[in-house]
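Written out below as C-alpha cells is the structure these notes cover.
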Amino acid sequence: MDQERRRFLRLSAIGAGVALAGCGGHLNGDEETDAPIDDWQYDPQPLTEGGASGSSFQTNAAESADLGFAAGGAKNVADFRRNIEAGYLPIPESLPYEGLFYNYYFDTGDSGECSSLFCPSYATAITEDPIAGTTDQYFTVGLQSTLDTDSFERKQLNVVIVLDISGSMEAEFDQYYYDRFGNKHTVEDRDTRSKLAVAKDALLALTEHLEPDDRLGIVLFNNEASVAKPLRDVESTAMDAIRGHIRADIRAGGGTNIADGMGEAAAMLGEYSDADPTEVETRQIVVTDAMPNRGQTGDQALQDRLAGYAADGIHTSFVGVGVDFNPELVDKITAVRGANYRSVHSADAFESYLGEEFEYMMTPLVYDLTVELDAPGAVIDTVYGSTAAEDATADLLEVTTLFPSPTEDGNTRGGVVLVKLAGEARGTDLTLRASWEDRSGSTDATTTAIEFPDEAPESFGNTGIRKAVFLARYADLLKNWLIHERDPARIEVTADGAVEAPPADLPRGEWEQQSQPLSVSDPYVSRLERFREYARSEIDTIGDKRLDRELETIETILAAGE
C-alpha cells in the first residue's frame with residue numbers, strides 16, 4: 001500500500017477521534033488478482049491528540065422526452081425552507097435565484113429553427129411592481145436544447161467523494177452545532193440523527209448509481225485530509241466491502257479543512273484530468289456542512305482553487321448537510337465553470353436527487369454563455385438565475401455553465417435566466433447576440449431581434465417569464481427582509497430569544513453559525529401582507545399549484561411576527 005497515503009489526522013478533544021492508516025490483510029491495489037479489491041484505508045483509532053474543534057449511463061426515464069438546460073450553481077433552496085420550517089432565521093444567501101428557479105418548470109418560448117445543442121429563446125414582460133409601484137421591464141433567456149432522453153448519456157465518471165468528518169458533523173441534523181453553547185431551540189419532528197449519519201447514507205446511495213467503468217475514490221477530512229479509498233474503477237472494487245466500511249468505520253471529530261480535502265481529491269483526479277471531455281467527466285463531490293476553520297478558509301482563495309481545478313478539467317459539486325449548512329460560502333466559491341451545489345435535509349432527499357437528477361448534475365454541456373444586448377434606450381439592470389449575475393454590465397450578461405434539465409409538458413425545470421432592464425424598452429426592437437462553447441471546445445452563436453409592446457400597462461410573453469418575474473420579486477423581498485432582521489442595530493436581545501456567544505477559548509470561525517430565531521418586524525409585516533395578496537393572484541393566473549409552497553412560506557414568516 002502507498003505509504004504516502006497513510007496520514008494520521010490530528011483530532012479534536014470534542015467528539016470521537018479518528019485516524020487513517022492501512023488496514024492489515026486488505027489487498028494491495030498493485031497485486032495481480034481477479035477478485036474485486038477492498039482498498040479501504042480508514043481505520044478508527046483512540047483519540048491521542050487534543051485540539052479545537054459510464055461507462056455511459058442513459059437516463060432511466062420511462063419514455064423519451066425533450067431535455068432543456070438549467071444554469072449551474074445552486075440546485076435548490078432546501079436550506080432556506082428547512083430553516084423556516086424549524087423556526088430559524090435563514091441567511092440571505094440560502095435563497096439563491098437559480099436554486100429557486102430550479103424548483104419549477106418554465107415555458108421557455110420559441111427558439112425557431114435550431115439544430116444546435118443549445119437553442120436560446122426569448123420572451124418579454126412589462127409589469128407593475130406590487131410593492132414599489134414602479135413599471136418594470138424584463139426579458140428571459142430560455143435555455144432550450146435539441147437533446148432528448150433517448151439520445152442523452154452521461155459521461156463515464158471519474159469521481160472522488162470528499163466527506164467532512166469534522167466535529168460539527170456530530171451535531172443533530174436539525175440542530176445548529178454551536179447552539180450547544182447557548183439557548184437551544186425545540187424543533188418539532190426533528191431528525192435526531194447526526195449530520196454525519198445522513199452524509200454516510202448519502203455516500204452509500206451514491207455508490208449504488210455508479211457503473212462498472214466509473215472510477216470511485218473517497219477522501220475524508222477534518223483537521224487534515226487523507227485518502228480512505230484510492231481512485232479505482234468500480235468493476236475491480238469490492239463495493240459491498242467499501243459500503244460496509246462506510247457504515248461501520250467512520251466517526252467525527254476535529255476541525256474543518258475543506259481546502260485540504262479538495263486538494264487531496266484533486267491530486268487523485270489529476271491523473272485523469274486530461275481525459276477526453278466528450279467521453280469522460282472528472283469531478284469531486286464535497287459532502288459537508290461548509291464551516292471551514294482550518295487551512296485555507298477565505299471565499300476568494302477557495303473559489304480560485306476551484307477555478308484552477310476547473311481549468312485542469314476537474315469540476316466540483318457540493319452537497320450541503322444539516323440545518324446549519326453555510327450556503328453563503330458555497331454560493332460564492334461555486335460560481336466557476338462546471339460547478340453546482342444543493343443542500344439535503346434527509347437521506348430520502350439525497351436518494352431522490354440521485355435517482356432523478358444525478359446524470360444531469362454530473363454532465364455540464366455548455367460553458368461561458370454570453371448574451372449581448374443592443375438596444376437604443378435600455379440597459380441591463382439586474383440578472384436573476386446566473387451565478388455570474390454580479391458580473392453583468394449594461395449590455396452583457398454571462399452564464400458560466402449549463403447542465404441538462406428535464407422537461408414536463410414542454411416546460412423546462414429551471415430553464416430560464418431573467419433580465420431586468422433599466423431605461424425605456426417599450427415600443428423598441430432589441431437585438432440579442434448569444435455565444436457559447438460546448439464540451440468539445442467548439443463555439444456557436446445566434447443573433448435574435450425581440451420587440452417590446454408599445455405602451456402596454458401589463459404584458460407577459462408567456463407564463464414562463466411571468467413565473468420568473470414572480471419568483472424574482474418573491475426572492476428580492478425575502479432577501480431584503482432577512483438582511484433587515486439581521487441588522488445588529490435592530491436586534492433585540494431577550495432572555496428567551498438570544499443565543500449566547502460560545503466560550504472565549506473556543507471562538508467560532510468566519511463560516512461557523514449559531515441560530516437566530518425566526519422573526520419579522522416592521523416594515524416587513526405590511527410588505528409581506530401586501531405581497532401575499534399579489535402572490536395569490538399571480539399563482540392563480542399562472543396556474544402552477546406548486547407555487548403554493550411560497551405562499552405557505554409567507555404565512556409561516558408572518559405567523560412568527562404575531
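Going through the C-alpha cells in order, the chains are called A, B, and so on, while each chain numbers its residues from 1 and the ligands are numbered from 1 in the order shown.
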
Give me, as a list of chain:residue names, the residues of stretch 59-165 of chain A that a backbone DSSP run labels alpha helix (DSSP H).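 Selection result, alpha helix (DSSP H) within stretch 59-165 of chain A: A:Ala78, A:Asp79, A:Phe80, A:Arg81, A:Arg82, A:Asn83, A:Ile84, A:Glu85, A:Tyr97, A:Glu98, A:Gly99, A:Leu100, A:Phe101.
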
Per residue of stretch 374-419 of chain A within 10 Å of stretch 113-133 of chain A, which atom pair is closest and at what distance in Å (one decimal), using only C-alpha atoms, listed by chain and increasing number, as CSV?
residue,atom,partner,partner_atom,distance
A:Leu402,CA,A:Phe118,CA,9.3
A:Val416,CA,A:Tyr122,CA,9.2
A:Val417,CA,A:Tyr122,CA,9.8
A:Leu418,CA,A:Ala123,CA,9.6
A:Val419,CA,A:Thr124,CA,9.5

If you run DSSP on this backbone, which residues of stretch 44-153 of chain A come out as strand (DSSP E), and could you give them as number ranges by chain? A: 57-58, 67-71, 73-74, 105-106, 118-128, 135-145, 153

Please, could you write that set of residues out with C-alpha atoms as a PDB file, in the first residue's frame?
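Written output follows (selection.pdb):
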ATOM      1  CA  PHE A  57     -25.328   5.719 -18.442  1.00  0.00           C
ATOM      2  CA  GLN A  58     -28.610   6.543 -20.099  1.00  0.00           C
ATOM      3  CA  LEU A  67     -34.403  17.994 -22.443  1.00  0.00           C
ATOM      4  CA  GLY A  68     -33.592  21.606 -21.819  1.00  0.00           C
ATOM      5  CA  PHE A  69     -30.880  23.312 -19.806  1.00  0.00           C
ATOM      6  CA  ALA A  70     -30.575  24.912 -16.375  1.00  0.00           C
ATOM      7  CA  ALA A  71     -27.814  27.147 -15.056  1.00  0.00           C
ATOM      8  CA  GLY A  73     -24.700  26.902  -9.186  1.00  0.00           C
ATOM      9  CA  ALA A  74     -27.474  26.176  -6.684  1.00  0.00           C
ATOM     10  CA  TYR A 105     -40.722  24.271 -14.735  1.00  0.00           C
ATOM     11  CA  PHE A 106     -40.794  27.162 -17.207  1.00  0.00           C
ATOM     12  CA  PHE A 118     -28.189  24.792 -27.261  1.00  0.00           C
ATOM     13  CA  CYS A 119     -31.023  26.922 -28.634  1.00  0.00           C
ATOM     14  CA  PRO A 120     -31.606  30.246 -26.826  1.00  0.00           C
ATOM     15  CA  SER A 121     -35.087  31.751 -26.937  1.00  0.00           C
ATOM     16  CA  TYR A 122     -36.533  34.994 -25.567  1.00  0.00           C
ATOM     17  CA  ALA A 123     -39.719  36.421 -24.063  1.00  0.00           C
ATOM     18  CA  THR A 124     -40.568  39.911 -22.789  1.00  0.00           C
ATOM     19  CA  ALA A 125     -42.646  41.340 -19.943  1.00  0.00           C
ATOM     20  CA  ILE A 126     -43.877  44.723 -18.747  1.00  0.00           C
ATOM     21  CA  THR A 127     -45.416  44.671 -15.279  1.00  0.00           C
ATOM     22  CA  GLU A 128     -46.042  46.809 -12.200  1.00  0.00           C
ATOM     23  CA  THR A 135     -43.374  49.712 -14.009  1.00  0.00           C
ATOM     24  CA  ASP A 136     -40.657  47.149 -14.694  1.00  0.00           C
ATOM     25  CA  GLN A 137     -39.376  45.678 -17.966  1.00  0.00           C
ATOM     26  CA  TYR A 138     -37.898  42.188 -18.276  1.00  0.00           C
ATOM     27  CA  PHE A 139     -36.830  39.583 -20.767  1.00  0.00           C
ATOM     28  CA  THR A 140     -35.936  35.926 -20.279  1.00  0.00           C
ATOM     29  CA  VAL A 141     -33.258  33.857 -21.929  1.00  0.00           C
ATOM     30  CA  GLY A 142     -34.910  30.467 -22.477  1.00  0.00           C
ATOM     31  CA  LEU A 143     -32.431  27.608 -22.139  1.00  0.00           C
ATOM     32  CA  GLN A 144     -33.664  25.218 -24.814  1.00  0.00           C
ATOM     33  CA  SER A 145     -31.894  22.197 -26.263  1.00  0.00           C
ATOM     34  CA  GLU A 153     -25.955   9.676 -21.969  1.00  0.00           C
TER      35      GLU A 153
END

Distance atom CA of A:Gln175-atom CA of A:Arg81, one decimal place?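 So the answer is 14.5 Å.
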
Best match for closeness to A:Met169 among A:Val77, A:Leu421, A:Val198, A:Ala468, counting only C-alpha atoms: A:Val198

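As for atom CA of A:Leu204 and atom CA of A:Asn326, they are spaced 23.2 Å apart.
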
Name the residues in contact with A:Thr541 at a cut-off of 10 Å, using only C-alpha atoms, excluding same-chain residues fewer than 6 positions from it; report them as a VMD selection string. chain A and resid 463 466 to 467 535

Contacts of A:Asp289 at 8 Å (only C-alpha atoms; same-chain gap of 4+ positions) as number ranges by chain: A: 164, 168-169, 320-322, 324-326

Atom CA of A:Ala238 and atom CA of A:Ala266 are how many Å apart? 23.3 Å

Contacts of A:Phe358 at 9 Å (only C-alpha atoms; same-chain gap of 4+ positions) as a compact mmCIF listing (two decimals) with C-alpha atoms, in the first residue's frame:
# COMPACT_ATOMS: atom_id res chain seq x y z
CA LEU A 206 -24.29 7.47 -4.43
CA HIS A 209 -25.55 4.77 -9.01
CA TYR A 353 -31.53 13.70 -6.04
CA LEU A 354 -29.53 10.68 -7.13
CA MET A 362 -22.74 15.23 -13.42
CA THR A 363 -22.83 16.34 -17.08

Within 10 Å of A:Leu329 using only C-alpha atoms, minus same-chain residues under 3 positions, as an mmCIF file with N, CA and C atoms, in the first residue's frame:
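The result, written out as out04.cif:
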data_model
loop_
_atom_site.group_PDB
_atom_site.id
_atom_site.type_symbol
_atom_site.label_atom_id
_atom_site.label_comp_id
_atom_site.auth_asym_id
_atom_site.auth_seq_id
_atom_site.Cartn_x
_atom_site.Cartn_y
_atom_site.Cartn_z
ATOM 1 N N GLU A 93 -28.197 34.313 1.705
ATOM 2 C CA GLU A 93 -27.602 33.514 0.631
ATOM 3 C C GLU A 93 -28.229 32.131 0.509
ATOM 4 N N ALA A 290 -20.070 22.880 5.448
ATOM 5 C CA ALA A 290 -19.436 24.107 4.917
ATOM 6 C C ALA A 290 -19.132 25.130 6.002
ATOM 7 N N MET A 291 -18.428 24.692 7.037
ATOM 8 C CA MET A 291 -17.997 25.612 8.087
ATOM 9 C C MET A 291 -16.500 25.459 8.330
ATOM 10 N N PRO A 292 -15.664 25.761 7.317
ATOM 11 C CA PRO A 292 -14.219 25.553 7.468
ATOM 12 C C PRO A 292 -13.608 26.466 8.519
ATOM 13 N N THR A 297 -9.447 29.232 4.308
ATOM 14 C CA THR A 297 -10.871 29.420 4.600
ATOM 15 C C THR A 297 -11.495 30.605 3.860
ATOM 16 N N GLY A 298 -10.703 31.480 3.264
ATOM 17 C CA GLY A 298 -11.249 32.649 2.579
ATOM 18 C C GLY A 298 -12.033 32.263 1.337
ATOM 19 N N ASP A 299 -13.158 32.915 1.113
ATOM 20 C CA ASP A 299 -14.012 32.540 -0.009
ATOM 21 C C ASP A 299 -13.321 32.763 -1.357
ATOM 22 N N GLN A 300 -12.575 33.862 -1.501
ATOM 23 C CA GLN A 300 -11.923 34.118 -2.778
ATOM 24 C C GLN A 300 -10.815 33.107 -3.038
ATOM 25 N N LEU A 302 -10.675 30.037 -1.901
ATOM 26 C CA LEU A 302 -11.297 28.757 -2.213
ATOM 27 C C LEU A 302 -11.913 28.772 -3.610
ATOM 28 N N GLN A 303 -12.504 29.904 -4.005
ATOM 29 C CA GLN A 303 -13.043 29.998 -5.366
ATOM 30 C C GLN A 303 -11.912 29.894 -6.393
ATOM 31 N N PHE A 325 -25.937 24.175 7.602
ATOM 32 C CA PHE A 325 -25.105 24.279 6.394
ATOM 33 C C PHE A 325 -24.952 25.740 6.002
ATOM 34 N N ASN A 326 -23.724 26.128 5.624
ATOM 35 C CA ASN A 326 -23.466 27.535 5.309
ATOM 36 C C ASN A 326 -23.461 27.749 3.794
ATOM 37 N N LYS A 332 -20.609 31.360 -3.016
ATOM 38 C CA LYS A 332 -19.537 32.205 -3.540
ATOM 39 C C LYS A 332 -18.500 31.399 -4.303
ATOM 40 N N ILE A 333 -18.128 30.243 -3.774
ATOM 41 C CA ILE A 333 -16.997 29.542 -4.369
ATOM 42 C C ILE A 333 -17.394 28.669 -5.554
ATOM 43 N N THR A 334 -18.701 28.386 -5.733
ATOM 44 C CA THR A 334 -19.113 27.545 -6.864
ATOM 45 C C THR A 334 -19.542 28.352 -8.081
ATOM 46 N N GLU A 510 -15.007 32.103 10.739
ATOM 47 C CA GLU A 510 -15.757 33.021 9.881
ATOM 48 C C GLU A 510 -17.051 32.419 9.369
ATOM 49 N N TRP A 511 -17.072 31.107 9.106
ATOM 50 C CA TRP A 511 -18.224 30.473 8.459
ATOM 51 C C TRP A 511 -19.071 29.656 9.412
#
